[in-house]
Amino acid sequence: MTDETPSTGETDLARHAEKMAKKKVARDKIMATKTGEKGLIIVHTGKGKGKSSAAFGMIFRHIAHGKKCAVVQFIKGAMSTGERDMILKHFSDLCDFHTMGEGFTWETQDKARDIEMAQAAWEKAKELIRDPANSMVLLDEVNIAIRYDYIDLADVLEFLATEKPPMTHVVLTGRNAKDELIELADLVTEMELVKHPFRSGIKAQIGVEY
């Protein structure tokens, strides 16, 4: 091999650069067609961990950009969580946080009370979504309240379809999202459970689950 002959490594690098350049051209062409904006209906569902965690990631992203947002927790009221504590302590001016639930239904063992609290949470959620100051509203574990018929699915669907402001994002989390809600949504992510430490006897831990 002479000094002028490219080495195998140099050839590979050149091929990679050429491939990435072509990919960038194709990607830029696609991105140039994506110019619209709208308030999204976002659903995080599935049996896997991470539904609320991902949703709170978007809430903190809003906070980081100085955008007003709000959270309504439908179920987890009995639990102290890092997200809630941080928001209430440091970002209450940007994020309106409402813990409306009193724990999971098997903990309260009071269906009438669960229904009352869920419906109150839904009324608060509608109020916050209607408020044009809020760019995003997170309805944490609302899918559980819908699943148990604590709040009416038809009412949720109609409100989101007809009353949600055009540029407001609404995030709905919880297992077993209804098919009708998935159909209405703009973005749906299903968290798939592959492996979980709970099955090996490991309890929920600070900084991971809450």
# chains A, B, ... in the order shown; residues from 1 in each chain; ligands from 1
$ residues_around --residues "range 198-202 of chain A" --least-positions-apart "5" --cutoff "12 Å" --atoms "only C-alpha atoms" --output "list in words"
Gly48, Lys49, Leu193, Val208 and Glu209 of chain A
$ write_last_selection --atoms "C-alpha atoms" --output "PDB file, in the first residue's frame"
ATOM      1  CA  GLY A  48     -44.553  -1.325  32.395  1.00  0.00           C
ATOM      2  CA  LYS A  49     -42.987   1.187  34.765  1.00  0.00           C
ATOM      3  CA  LEU A 193     -43.151  -4.781  31.219  1.00  0.00           C
ATOM      4  CA  VAL A 208     -36.891   5.128  41.409  1.00  0.00           C
ATOM      5  CA  GLU A 209     -40.621   4.662  41.984  1.00  0.00           C
TER       6      GLU A 209
END
$ select_by_dssp --residues "range 5-164 of chain A" --states "alpha helix (DSSP H)" --output "PyMOL selection string"
chain A and resi 8-31+51-64+82-90+105-108+111-130+142-147+153-162
$ atom_distance --atom1 "CA of Val137 in chain A" --atom2 "CA of Val170 in chain A"
4.9 Å
$ residues_around --residues "Lys67 in chain A" --least-positions-apart "5" --cutoff "9 Å" --atoms "only C-alpha atoms" --output "JSON, numbers by chain"
{"A": [61, 62, 94, 95, 133, 134, 135, 136]}
$ residues_around --residues "Asp155 in chain A" --least-positions-apart "3" --cutoff "12 Å" --atoms "only C-alpha atoms" --output "list in words"
Gln119, Trp122, Glu123, Lys126, Ile146, Asp149, Tyr150, Ile151, Asp152, Glu158, Phe159, Leu160, Ala161, Thr162, Glu163, Glu180 and Leu181 of chain A
$ select_by_dssp --residues "chain A" --states "strand (DSSP E)" --output "ChimeraX atom specification"
/A:41-45,69-73,95-99,136-140,169-173,187-190
$ atom_distance --atom1 "CA of Glu37 in chain A" --atom2 "CA of Met58 in chain A"
16.6 Å
$ closest_residue --among "A:Met20, A:Leu139, A:Ile75, A:Ala145" --to "Gly101 in chain A" --atoms "only C-alpha atoms"
A:Ile75
